[in-house]
>>> print(open('data16.cif').read())   # mmCIF, C-alpha atoms and all ligand atoms
data_model
#
loop_
_atom_site.label_atom_id
_atom_site.label_comp_id
_atom_site.auth_asym_id
_atom_site.auth_seq_id
_atom_site.Cartn_x
_atom_site.Cartn_y
_atom_site.Cartn_z
CA MET A 1 0.00 0.00 0.00
CA ASN A 2 2.81 2.30 1.04
CA THR A 3 4.75 1.62 -2.15
CA VAL A 4 1.73 2.36 -4.31
CA LEU A 5 1.23 5.62 -2.46
CA THR A 6 4.90 6.50 -2.82
CA GLN A 7 4.76 5.70 -6.52
CA VAL A 8 1.69 7.90 -7.02
CA LEU A 9 3.31 10.72 -5.07
CA LYS A 10 6.54 10.32 -7.05
CA ARG A 11 4.58 10.53 -10.28
CA PHE A 12 2.68 13.49 -8.98
CA VAL A 13 5.88 15.44 -8.34
CA SER A 14 7.80 14.07 -11.33
CA GLU A 15 8.47 16.35 -14.27
CA SER A 16 6.40 14.27 -16.65
CA TRP A 17 3.23 15.14 -14.72
CA TYR A 18 1.38 17.93 -16.50
CA PHE A 19 0.45 20.93 -14.41
CA PRO A 20 -1.51 23.52 -16.32
CA GLN A 21 -0.34 27.03 -15.62
CA ILE A 22 -3.42 29.00 -14.66
CA ARG A 23 -3.05 32.73 -15.26
CA VAL A 24 -5.42 35.46 -14.15
CA VAL A 25 -6.48 35.85 -17.82
CA ASP A 26 -7.54 32.18 -17.86
CA ALA A 27 -9.72 32.68 -14.80
CA VAL A 28 -11.29 35.77 -16.41
CA GLU A 29 -11.84 33.77 -19.62
CA ILE A 30 -13.60 31.00 -17.66
CA LEU A 31 -15.82 33.59 -15.97
CA ILE A 32 -16.69 35.22 -19.31
CA ILE A 33 -17.52 31.86 -20.93
CA THR A 34 -19.62 30.82 -17.90
CA PHE A 35 -21.52 34.13 -18.05
CA LEU A 36 -22.10 33.83 -21.82
CA PHE A 37 -23.18 30.20 -21.48
CA TYR A 38 -25.62 31.14 -18.71
CA GLN A 39 -27.05 34.01 -20.80
CA ILE A 40 -27.49 31.70 -23.83
CA ILE A 41 -29.30 29.12 -21.67
CA LEU A 42 -31.56 31.88 -20.27
CA TRP A 43 -32.25 33.10 -23.82
CA ILE A 44 -33.05 29.57 -24.99
CA LYS A 45 -35.37 29.08 -22.01
CA ASN A 46 -37.30 32.30 -22.62
CA THR A 47 -37.76 32.01 -26.38
CA LYS A 48 -38.88 29.55 -29.00
CA ALA A 49 -35.23 28.43 -29.17
CA TRP A 50 -36.05 25.85 -26.47
CA MET A 51 -38.21 23.96 -29.00
CA LEU A 52 -35.41 24.26 -31.53
CA LEU A 53 -32.88 22.85 -29.07
CA ARG A 54 -35.12 19.84 -28.49
CA GLY A 55 -35.44 19.36 -32.25
CA ILE A 56 -31.66 19.56 -32.67
CA LEU A 57 -31.19 16.97 -29.90
CA VAL A 58 -33.56 14.56 -31.69
CA VAL A 59 -31.69 15.04 -35.00
CA ALA A 60 -28.32 14.61 -33.21
CA LEU A 61 -29.56 11.38 -31.62
CA PHE A 62 -30.73 10.13 -35.01
CA ILE A 63 -27.30 10.91 -36.55
CA LEU A 64 -25.58 9.18 -33.63
CA VAL A 65 -27.64 6.02 -34.20
CA ALA A 66 -26.80 6.21 -37.94
CA ALA A 67 -23.11 6.54 -37.05
CA VAL A 68 -23.19 3.58 -34.64
CA PHE A 69 -24.84 1.35 -37.25
CA LYS A 70 -22.63 2.76 -40.03
CA MET A 71 -25.53 4.00 -42.19
CA TYR A 72 -23.32 5.85 -44.64
CA THR A 73 -26.06 7.31 -46.84
CA ILE A 74 -27.82 8.93 -43.88
CA LEU A 75 -24.48 10.22 -42.60
CA TRP A 76 -23.67 11.63 -46.06
CA ILE A 77 -27.07 13.40 -46.23
CA ALA A 78 -26.63 14.78 -42.70
CA GLN A 79 -23.12 16.01 -43.44
CA ASN A 80 -24.17 17.76 -46.65
CA SER A 81 -27.31 19.34 -45.27
CA LEU A 82 -25.63 20.84 -42.17
CA PRO A 83 -24.79 24.25 -43.76
CA VAL A 84 -28.35 24.50 -45.12
CA MET A 85 -29.78 23.69 -41.68
CA ALA A 86 -27.54 26.29 -40.01
CA THR A 87 -28.75 28.94 -42.49
CA ALA A 88 -32.37 27.88 -41.93
CA VAL A 89 -31.96 28.28 -38.15
CA VAL A 90 -30.64 31.84 -38.60
CA ILE A 91 -33.60 32.71 -40.87
CA ILE A 92 -36.22 31.12 -38.60
CA PHE A 93 -34.82 32.76 -35.48
CA GLN A 94 -34.03 36.12 -37.04
CA PRO A 95 -36.44 38.05 -34.72
CA GLU A 96 -35.08 36.34 -31.59
CA LEU A 97 -31.45 36.83 -32.66
CA ARG A 98 -32.16 40.47 -33.48
CA ARG A 99 -33.74 40.98 -30.09
CA ALA A 100 -30.82 39.28 -28.33
CA LEU A 101 -28.31 41.53 -30.14
CA GLU A 102 -30.41 44.61 -29.40
CA LYS A 103 -30.39 43.62 -25.75
CA LEU A 104 -26.63 43.28 -25.84
CA GLY A 105 -26.33 46.74 -27.39
CA GLU A 106 -28.63 48.05 -24.70
CA LYS A 107 -26.10 47.14 -21.98
CA GLN A 108 -24.32 50.34 -21.20
CA PHE A 109 -20.67 49.32 -21.44
CA VAL A 110 -19.57 52.24 -23.63
CA PRO A 111 -22.50 53.32 -25.79
CA ASN A 112 -23.36 56.41 -23.83
CA MET A 113 -19.85 57.75 -24.29
CA VAL A 114 -20.09 57.29 -28.03
CA THR A 115 -23.06 59.48 -28.81
CA LEU A 116 -24.80 58.45 -31.99
CA ASP A 117 -28.00 60.37 -31.50
CA LYS A 118 -28.46 64.07 -32.04
CA ARG A 119 -30.41 64.61 -28.83
CA GLY A 120 -30.21 68.12 -27.43
CA LYS A 121 -28.78 68.62 -23.97
CA ASP A 122 -32.16 69.80 -22.57
CA ASN A 123 -33.83 66.52 -23.53
CA VAL A 124 -31.41 64.34 -21.59
CA ARG A 125 -33.20 64.75 -18.28
CA PHE A 126 -36.76 65.14 -17.18
CA SER A 127 -37.90 67.31 -14.34
CA GLN A 128 -39.51 66.49 -11.02
CA LYS A 129 -42.69 68.06 -12.43
CA THR A 130 -42.78 65.40 -15.16
CA ILE A 131 -42.21 62.62 -12.60
CA ASP A 132 -44.99 63.96 -10.36
CA GLY A 133 -47.26 64.40 -13.40
CA ILE A 134 -46.81 60.80 -14.54
CA VAL A 135 -47.34 59.44 -11.01
CA GLU A 136 -50.42 61.59 -10.37
CA ALA A 137 -52.03 60.82 -13.73
CA SER A 138 -51.31 57.06 -13.53
CA PHE A 139 -52.99 56.66 -10.15
CA ALA A 140 -55.84 59.01 -11.04
CA MET A 141 -56.52 56.89 -14.16
CA GLY A 142 -56.13 53.71 -12.10
CA ALA A 143 -58.79 54.95 -9.65
CA VAL A 144 -61.37 55.27 -12.44
CA LYS A 145 -60.05 52.26 -14.42
CA THR A 146 -58.88 54.11 -17.49
CA GLY A 147 -56.29 52.06 -19.36
CA ALA A 148 -52.97 53.72 -20.19
CA LEU A 149 -49.57 52.89 -21.61
CA ILE A 150 -46.75 55.40 -21.04
CA VAL A 151 -43.24 54.82 -22.41
CA VAL A 152 -40.52 56.90 -20.78
CA GLU A 153 -37.56 56.99 -23.14
CA GLN A 154 -34.02 56.80 -21.82
CA ALA A 155 -30.69 56.50 -23.68
CA ILE A 156 -32.05 54.44 -26.59
CA MET A 157 -34.03 56.64 -29.00
CA LEU A 158 -37.44 55.18 -29.81
CA THR A 159 -37.86 56.93 -33.18
CA GLU A 160 -38.88 53.67 -34.87
CA TYR A 161 -41.86 53.27 -32.50
CA GLU A 162 -42.60 56.98 -32.35
CA SER A 163 -43.30 56.97 -36.07
CA THR A 164 -46.06 54.35 -35.64
CA GLY A 165 -48.16 56.92 -33.79
CA ILE A 166 -49.40 60.48 -34.12
CA ALA A 167 -46.70 63.11 -33.58
CA LEU A 168 -47.21 65.42 -30.60
CA ASP A 169 -45.07 68.04 -28.94
CA CYS A 170 -46.47 68.82 -25.58
CA ILE A 171 -45.23 69.26 -22.01
CA VAL A 172 -46.12 66.39 -19.66
CA SER A 173 -48.81 67.26 -17.15
CA PRO A 174 -51.38 65.10 -15.32
CA GLN A 175 -54.24 66.86 -17.12
CA VAL A 176 -52.78 66.18 -20.58
CA LEU A 177 -52.06 62.53 -19.76
CA ILE A 178 -55.56 61.96 -18.41
CA ASN A 179 -57.03 63.66 -21.45
CA ILE A 180 -55.03 61.56 -23.90
CA PHE A 181 -56.15 58.26 -22.39
CA GLU A 182 -59.82 59.29 -21.97
CA HIS A 183 -62.09 56.63 -23.52
CA ASN A 184 -63.46 57.28 -26.98
CA THR A 185 -61.00 60.04 -27.81
CA PRO A 186 -58.80 59.89 -30.92
CA LEU A 187 -55.50 59.50 -29.02
CA HIS A 188 -56.46 57.03 -26.28
CA ASP A 189 -55.49 53.81 -28.08
CA GLY A 190 -51.92 52.47 -27.99
CA ALA A 191 -48.98 54.02 -26.16
CA ILE A 192 -47.55 57.49 -25.68
CA ILE A 193 -43.81 58.15 -25.76
CA VAL A 194 -42.31 60.62 -23.30
CA ARG A 195 -38.93 62.12 -24.18
CA GLY A 196 -37.49 64.38 -21.51
CA ASP A 197 -40.34 66.62 -20.34
CA ARG A 198 -42.39 66.25 -23.52
CA ILE A 199 -44.85 63.80 -24.99
CA VAL A 200 -43.58 63.25 -28.52
CA SER A 201 -46.07 60.73 -29.87
CA ALA A 202 -49.41 59.06 -29.06
CA THR A 203 -51.26 55.94 -30.31
CA CYS A 204 -47.89 54.21 -30.83
CA TYR A 205 -47.75 50.52 -31.55
CA LEU A 206 -45.24 48.63 -29.38
CA PRO A 207 -43.70 45.20 -30.02
CA LEU A 208 -45.44 42.39 -28.14
CA SER A 209 -43.32 40.18 -25.92
CA ASP A 210 -43.36 36.45 -26.58
CA ASN A 211 -42.15 35.71 -23.06
CA MET A 212 -44.02 32.60 -21.99
CA GLY A 213 -43.62 33.52 -18.33
CA ILE A 214 -46.04 36.47 -18.48
CA SER A 215 -49.21 35.78 -16.50
CA LYS A 216 -52.09 34.56 -18.65
CA GLU A 217 -54.37 37.04 -16.86
CA LEU A 218 -52.60 39.87 -18.62
CA GLY A 219 -53.56 40.98 -22.09
CA THR A 220 -51.85 42.79 -24.91
CA ARG A 221 -51.35 46.13 -23.12
CA HIS A 222 -49.07 44.51 -20.53
CA ARG A 223 -47.45 42.24 -23.13
CA ALA A 224 -46.66 45.33 -25.23
CA ALA A 225 -45.13 47.03 -22.16
CA VAL A 226 -42.88 44.03 -21.51
CA GLY A 227 -42.05 43.76 -25.23
CA MET A 228 -40.97 47.39 -25.36
CA SER A 229 -38.83 46.96 -22.25
CA GLU A 230 -37.16 43.92 -23.85
CA VAL A 231 -35.98 45.83 -26.91
CA SER A 232 -35.05 49.11 -25.22
CA ASP A 233 -33.93 50.61 -21.92
CA ALA A 234 -37.22 52.52 -21.55
CA LEU A 235 -39.39 52.43 -18.45
CA ILE A 236 -43.01 51.64 -19.27
CA VAL A 237 -45.96 52.44 -17.05
CA THR A 238 -49.24 50.61 -17.61
CA VAL A 239 -52.61 51.29 -16.05
CA SER A 240 -54.98 48.38 -16.26
CA GLU A 241 -58.47 49.08 -17.51
CA GLU A 242 -59.65 45.89 -15.84
CA THR A 243 -58.17 46.23 -12.36
CA GLY A 244 -56.95 49.84 -12.19
CA TYR A 245 -53.52 48.53 -11.13
CA VAL A 246 -50.45 50.52 -12.10
CA SER A 247 -47.51 48.36 -13.24
CA VAL A 248 -43.95 49.11 -14.32
CA ALA A 249 -41.96 47.27 -16.99
CA MET A 250 -38.22 47.60 -17.40
CA GLY A 251 -35.52 45.29 -18.73
CA GLY A 252 -38.11 42.64 -19.65
CA GLN A 253 -39.49 42.51 -16.09
CA LEU A 254 -42.98 43.59 -15.09
CA VAL A 255 -43.67 44.72 -11.53
CA ARG A 256 -47.43 44.65 -11.02
CA ASN A 257 -49.66 46.74 -8.80
CA VAL A 258 -47.02 49.20 -7.62
CA THR A 259 -47.53 52.04 -5.15
CA PRO A 260 -47.18 55.75 -6.04
CA GLU A 261 -43.98 55.86 -3.94
CA TYR A 262 -42.48 52.95 -5.89
CA LEU A 263 -43.30 54.51 -9.28
CA LYS A 264 -41.88 57.86 -8.16
CA LYS A 265 -38.68 56.20 -6.96
CA ARG A 266 -38.23 54.29 -10.24
CA LEU A 267 -38.80 57.44 -12.30
CA GLU A 268 -36.42 59.43 -10.09
CA SER A 269 -33.74 56.77 -10.40
CA ILE A 270 -33.86 56.82 -14.23
CA SER A 271 -33.98 60.61 -14.23
CA LYS A 272 -30.77 60.64 -12.17
CA LYS A 273 -29.25 58.10 -14.55
CA SER A 274 -30.12 60.35 -17.49
CA VAL A 275 -28.44 63.27 -15.74
CA GLU A 276 -25.36 61.10 -15.18
CA ILE A 277 -25.35 60.15 -18.88
CA GLY A 278 -25.64 63.86 -19.75
CA ARG A 279 -22.72 64.65 -17.45
CA LEU A 280 -20.57 61.88 -18.99
CA LYS A 281 -21.42 63.14 -22.47
CA LYS A 282 -20.39 66.66 -21.48
CA ILE A 283 -17.09 65.38 -20.02
CA TRP A 284 -16.48 63.33 -23.17
CA LYS A 285 -17.28 66.29 -25.46
CA GLY A 286 -15.06 68.58 -23.37
CA TRP A 287 -12.22 66.07 -23.50
CA ARG A 288 -12.62 65.68 -27.29
CA SER A 289 -12.57 69.45 -27.90
CA HIS A 290 -9.53 69.73 -25.61
CA GLU A 291 -7.82 66.96 -27.63
CA LYS A 292 -8.59 68.82 -30.86
CA GLY A 293 -7.24 72.05 -29.36
CA VAL A 294 -4.03 70.26 -28.38
CA ASP A 295 -3.69 68.77 -31.90
N1 LIG B 1 -48.89 46.36 -29.34
C1 LIG B 1 -49.50 47.35 -28.70
N2 LIG B 1 -48.96 48.57 -28.68
C2 LIG B 1 -49.57 49.59 -28.03
N3 LIG B 1 -50.71 49.46 -27.36
C3 LIG B 1 -51.30 48.28 -27.35
C4 LIG B 1 -50.74 47.15 -28.02
N4 LIG B 1 -51.54 46.10 -27.82
C5 LIG B 1 -52.57 46.55 -27.08
N5 LIG B 1 -52.45 47.83 -26.78
C6 LIG B 1 -53.37 48.67 -26.00
O1 LIG B 1 -53.98 47.84 -25.05
C7 LIG B 1 -55.38 47.85 -25.23
C8 LIG B 1 -55.94 46.46 -25.06
O2 LIG B 1 -55.65 46.02 -23.82
P1 LIG B 1 -56.00 44.54 -23.34
O3 LIG B 1 -57.30 44.60 -22.61
O4 LIG B 1 -55.84 43.56 -24.43
O5 LIG B 1 -54.76 44.36 -22.40
P2 LIG B 1 -54.62 44.05 -20.86
O6 LIG B 1 -53.15 43.80 -20.66
O7 LIG B 1 -55.60 42.99 -20.43
O8 LIG B 1 -54.96 45.42 -20.21
P3 LIG B 1 -56.20 45.81 -19.27
O9 LIG B 1 -55.86 45.26 -17.91
O10 LIG B 1 -56.17 47.30 -19.34
O11 LIG B 1 -57.44 45.21 -19.87
C9 LIG B 1 -55.60 48.34 -26.65
O12 LIG B 1 -56.84 49.01 -26.73
C10 LIG B 1 -54.45 49.25 -26.87
O13 LIG B 1 -54.75 50.56 -26.39
#
>>> encode(input="data16.cif", output="structure tokens", more="lines below")
Ligand SMILES: Nc1ncnc2c1ncn2[C@@H]1O[C@H](COP(=O)(O)OP(=O)(O)OP(=O)(O)O)[C@@H](O)[C@H]1O
Amino acid sequence: MNTVLTQVLKRFVSESWYFPQIRVVDAVEILIITFLFYQIILWIKNTKAWMLLRGILVVALFILVAAVFKMYTILWIAQNSLPVMATAVVIIFQPELRRALEKLGEKQFVPNMVTLDKRGKDNVRFSQKTIDGIVEASFAMGAVKTGALIVVEQAIMLTEYESTGIALDCIVSPQVLINIFEHNTPLHDGAIIVRGDRIVSATCYLPLSDNMGISKELGTRHRAAVGMSEVSDALIVTVSEETGYVSVAMGGQLVRNVTPEYLKKRLESISKKSVEIGRLKKIWKGWRSHEKGVD
């Protein structure tokens, strides 16, 4: 027993034994791969890709059986149709892939430093009056069960969705919001988009989420709110016509039946974030002009 142990130990310390050299970069790489893998699994779970994965597993099993029994014709067909199948998957899942990439672009690693939009400096933030107006109107509409859908734009410009509605240019106030969503009025259907302190569009059509986790009790208004929050960094407020509940969607998550304090806090937090973005942009612009001056 002792000799076996000694032999194992000798081998363990001998030069022939391979010890991988783990650098800090390797550990970081493992963390990145784990994170990406986890995100892909989450994406598969929340989209139709889960069905696709099951289909791929069945095909893989079939090919494995063909390989074990040396069915060369089937193997030849599988081998030659692989590129076609890969292209088909990309075409079938184009909306999901697009959404996933949009979500990736939404993560604010550097995008707010590299300003691609032509937004004026005054539109970057919204005032306390706007926050109070949205909170007051939402709960006033909730009390009388008037449905509403309010999209508060942040860093990502929602021009694409804005153009689906009727253009407006009006300061946010509780009276205006209540008036817009009043039943049987021309602007009440669909969503409004708030940019800074102004309502820029009404009756907008938002993308519907295909998240299977959304409660079946909820209809298209809430699904549209979640859908919008999946493809942008906007905060969306919904008022249910059925229950009068006020809910908030952001980052693909819907928080139902919130309190006025909660809504105010959420709006204040994104308002502060917008101010921070504005500040960073100013620093960046200042630094760039300084660089040019030095050149
Ligand atoms: N894709 C969309 N984009 C913008 N608004 C939408 C969209 N789909 C539905 N709506 C709005 O939601 C209203 C329909 O709401 P619906 O009753 O189906 O949803 P809900 O989630 O059950 O809401 P509620 O609790 O208010 O009934 C429509 O009249 C329209 O104003």
>>> residues_around(input="data16.cif", residues="Ala66 of chain A", least_positions_apart="6", cutoff="8 Å", atoms="only C-alpha atoms", output="NGL selection string")
:A and (72 or 74-75)
>>> residues_around(input="data16.cif", residues="Met228 of chain A", least_positions_apart="3", cutoff="12 Å", atoms="only C-alpha atoms", output="MDAnalysis selection string")
chainID A and resid 99 102:103 149:153 156 158 160:162 191 193 204:211 220:225 231:238 248:254
>>> write_last_selection(input="data16.cif", atoms="C-alpha atoms", output="PDB file, keeping the file's coordinate frame")
ATOM      1  CA  ARG A  99     -33.740  40.980 -30.090  1.00  0.00           C
ATOM      2  CA  GLU A 102     -30.410  44.610 -29.400  1.00  0.00           C
ATOM      3  CA  LYS A 103     -30.390  43.620 -25.750  1.00  0.00           C
ATOM      4  CA  LEU A 149     -49.570  52.890 -21.610  1.00  0.00           C
ATOM      5  CA  ILE A 150     -46.750  55.400 -21.040  1.00  0.00           C
ATOM      6  CA  VAL A 151     -43.240  54.820 -22.410  1.00  0.00           C
ATOM      7  CA  VAL A 152     -40.520  56.900 -20.780  1.00  0.00           C
ATOM      8  CA  GLU A 153     -37.560  56.990 -23.140  1.00  0.00           C
ATOM      9  CA  ILE A 156     -32.050  54.440 -26.590  1.00  0.00           C
ATOM     10  CA  LEU A 158     -37.440  55.180 -29.810  1.00  0.00           C
ATOM     11  CA  GLU A 160     -38.880  53.670 -34.870  1.00  0.00           C
ATOM     12  CA  TYR A 161     -41.860  53.270 -32.500  1.00  0.00           C
ATOM     13  CA  GLU A 162     -42.600  56.980 -32.350  1.00  0.00           C
ATOM     14  CA  ALA A 191     -48.980  54.020 -26.160  1.00  0.00           C
ATOM     15  CA  ILE A 193     -43.810  58.150 -25.760  1.00  0.00           C
ATOM     16  CA  CYS A 204     -47.890  54.210 -30.830  1.00  0.00           C
ATOM     17  CA  TYR A 205     -47.750  50.520 -31.550  1.00  0.00           C
ATOM     18  CA  LEU A 206     -45.240  48.630 -29.380  1.00  0.00           C
ATOM     19  CA  PRO A 207     -43.700  45.200 -30.020  1.00  0.00           C
ATOM     20  CA  LEU A 208     -45.440  42.390 -28.140  1.00  0.00           C
ATOM     21  CA  SER A 209     -43.320  40.180 -25.920  1.00  0.00           C
ATOM     22  CA  ASP A 210     -43.360  36.450 -26.580  1.00  0.00           C
ATOM     23  CA  ASN A 211     -42.150  35.710 -23.060  1.00  0.00           C
ATOM     24  CA  THR A 220     -51.850  42.790 -24.910  1.00  0.00           C
ATOM     25  CA  ARG A 221     -51.350  46.130 -23.120  1.00  0.00           C
ATOM     26  CA  HIS A 222     -49.070  44.510 -20.530  1.00  0.00           C
ATOM     27  CA  ARG A 223     -47.450  42.240 -23.130  1.00  0.00           C
ATOM     28  CA  ALA A 224     -46.660  45.330 -25.230  1.00  0.00           C
ATOM     29  CA  ALA A 225     -45.130  47.030 -22.160  1.00  0.00           C
ATOM     30  CA  VAL A 231     -35.980  45.830 -26.910  1.00  0.00           C
ATOM     31  CA  SER A 232     -35.050  49.110 -25.220  1.00  0.00           C
ATOM     32  CA  ASP A 233     -33.930  50.610 -21.920  1.00  0.00           C
ATOM     33  CA  ALA A 234     -37.220  52.520 -21.550  1.00  0.00           C
ATOM     34  CA  LEU A 235     -39.390  52.430 -18.450  1.00  0.00           C
ATOM     35  CA  ILE A 236     -43.010  51.640 -19.270  1.00  0.00           C
ATOM     36  CA  VAL A 237     -45.960  52.440 -17.050  1.00  0.00           C
ATOM     37  CA  THR A 238     -49.240  50.610 -17.610  1.00  0.00           C
ATOM     38  CA  VAL A 248     -43.950  49.110 -14.320  1.00  0.00           C
ATOM     39  CA  ALA A 249     -41.960  47.270 -16.990  1.00  0.00           C
ATOM     40  CA  MET A 250     -38.220  47.600 -17.400  1.00  0.00           C
ATOM     41  CA  GLY A 251     -35.520  45.290 -18.730  1.00  0.00           C
ATOM     42  CA  GLY A 252     -38.110  42.640 -19.650  1.00  0.00           C
ATOM     43  CA  GLN A 253     -39.490  42.510 -16.090  1.00  0.00           C
ATOM     44  CA  LEU A 254     -42.980  43.590 -15.090  1.00  0.00           C
TER      45      LEU A 254
END
>>> atom_distance(input="data16.cif", atom1="atom CA of Ile199 of chain A", atom2="atom CA of Ile171 of chain A")
6.2 Å
>>> atom_distance(input="data16.cif", atom1="atom CA of Val176 of chain A", atom2="atom CA of Gly227 of chain A")
25.3 Å
>>> residues_near_point(input="data16.cif", point="(-39.4, 64.0, -17.9)", cutoff="6 Å", atoms="only C-alpha atoms", output="PyMOL selection string")
chain A and resi 126-127+130+196-197
>>> atom_distance(input="data16.cif", atom1="atom O10 of ligand LIG 1 (chain B)", atom2="atom CA of Glu268 of chain A")
25.0 Å
>>> closest_residue(input="data16.cif", among="A:Gly55, A:Pro174, A:Gly190, A:Gly147", to="Thr243 of chain A", atoms="only C-alpha atoms")
A:Gly147
>>> residues_near_point(input="data16.cif", point="(-54.4, 55.8, -32.5)", cutoff="7 Å", atoms="only C-alpha atoms", output="ChimeraX atom specification")
/A:165,186-190,202-204
>>> closest_residue(input="data16.cif", among="A:Val58, A:Val65, A:Val144, A:Leu36", to="ligand LIG 1 (chain B)", atoms="all atoms listed in the file")
A:Val144
>>> closest_residue(input="data16.cif", among="A:Leu168, A:Ala148, A:Ala155, A:Val255", to="ligand LIG 1 (chain B)", atoms="all atoms listed in the file")
A:Ala148
>>> closest_residue(input="data16.cif", among="A:Val246, A:Met85, A:Val135, A:Met71", to="ligand LIG 1 (chain B)", atoms="all atoms listed in the file")
A:Val246
>>> closest_residue(input="data16.cif", among="A:Gly219, A:Pro20, A:Gly142, A:Gly133", to="ligand LIG 1 (chain B)", atoms="all atoms listed in the file")
A:Gly219
>>> build_atoms(input="data16.cif", residues="segment 172-187 of chain A", atoms="N, CA and C atoms", output="compact mmCIF listing (two decimals), in the coordinates of the input")
# COMPACT_ATOMS: atom_id res chain seq x y z
N VAL A 172 -45.39 67.37 -20.48
CA VAL A 172 -46.12 66.39 -19.66
C VAL A 172 -46.81 67.09 -18.50
N SER A 173 -48.09 66.79 -18.34
CA SER A 173 -48.81 67.26 -17.15
C SER A 173 -49.90 66.23 -16.87
N PRO A 174 -50.36 66.12 -15.62
CA PRO A 174 -51.38 65.10 -15.32
C PRO A 174 -52.64 65.31 -16.16
N GLN A 175 -53.00 66.57 -16.36
CA GLN A 175 -54.24 66.86 -17.12
C GLN A 175 -54.12 66.35 -18.56
N VAL A 176 -52.97 66.62 -19.18
CA VAL A 176 -52.78 66.18 -20.58
C VAL A 176 -52.81 64.65 -20.66
N LEU A 177 -52.11 64.00 -19.73
CA LEU A 177 -52.06 62.53 -19.76
C LEU A 177 -53.46 61.94 -19.60
N ILE A 178 -54.20 62.47 -18.64
CA ILE A 178 -55.56 61.96 -18.41
C ILE A 178 -56.43 62.18 -19.65
N ASN A 179 -56.25 63.34 -20.25
CA ASN A 179 -57.03 63.66 -21.45
C ASN A 179 -56.72 62.73 -22.62
N ILE A 180 -55.43 62.43 -22.78
CA ILE A 180 -55.03 61.56 -23.90
C ILE A 180 -55.67 60.18 -23.77
N PHE A 181 -55.67 59.64 -22.55
CA PHE A 181 -56.15 58.26 -22.39
C PHE A 181 -57.67 58.16 -22.12
N GLU A 182 -58.36 59.29 -22.17
CA GLU A 182 -59.82 59.29 -21.97
C GLU A 182 -60.46 58.40 -23.03
N HIS A 183 -61.40 57.54 -22.59
CA HIS A 183 -62.09 56.63 -23.52
C HIS A 183 -62.72 57.40 -24.68
N ASN A 184 -62.78 56.73 -25.78
CA ASN A 184 -63.46 57.28 -26.98
C ASN A 184 -62.92 58.63 -27.45
N THR A 185 -61.65 58.84 -27.25
CA THR A 185 -61.00 60.04 -27.81
C THR A 185 -59.99 59.55 -28.85
N PRO A 186 -59.64 60.39 -29.82
CA PRO A 186 -58.80 59.89 -30.92
C PRO A 186 -57.41 59.39 -30.51
N LEU A 187 -56.88 59.86 -29.37
CA LEU A 187 -55.50 59.50 -29.02
C LEU A 187 -55.39 58.41 -27.93
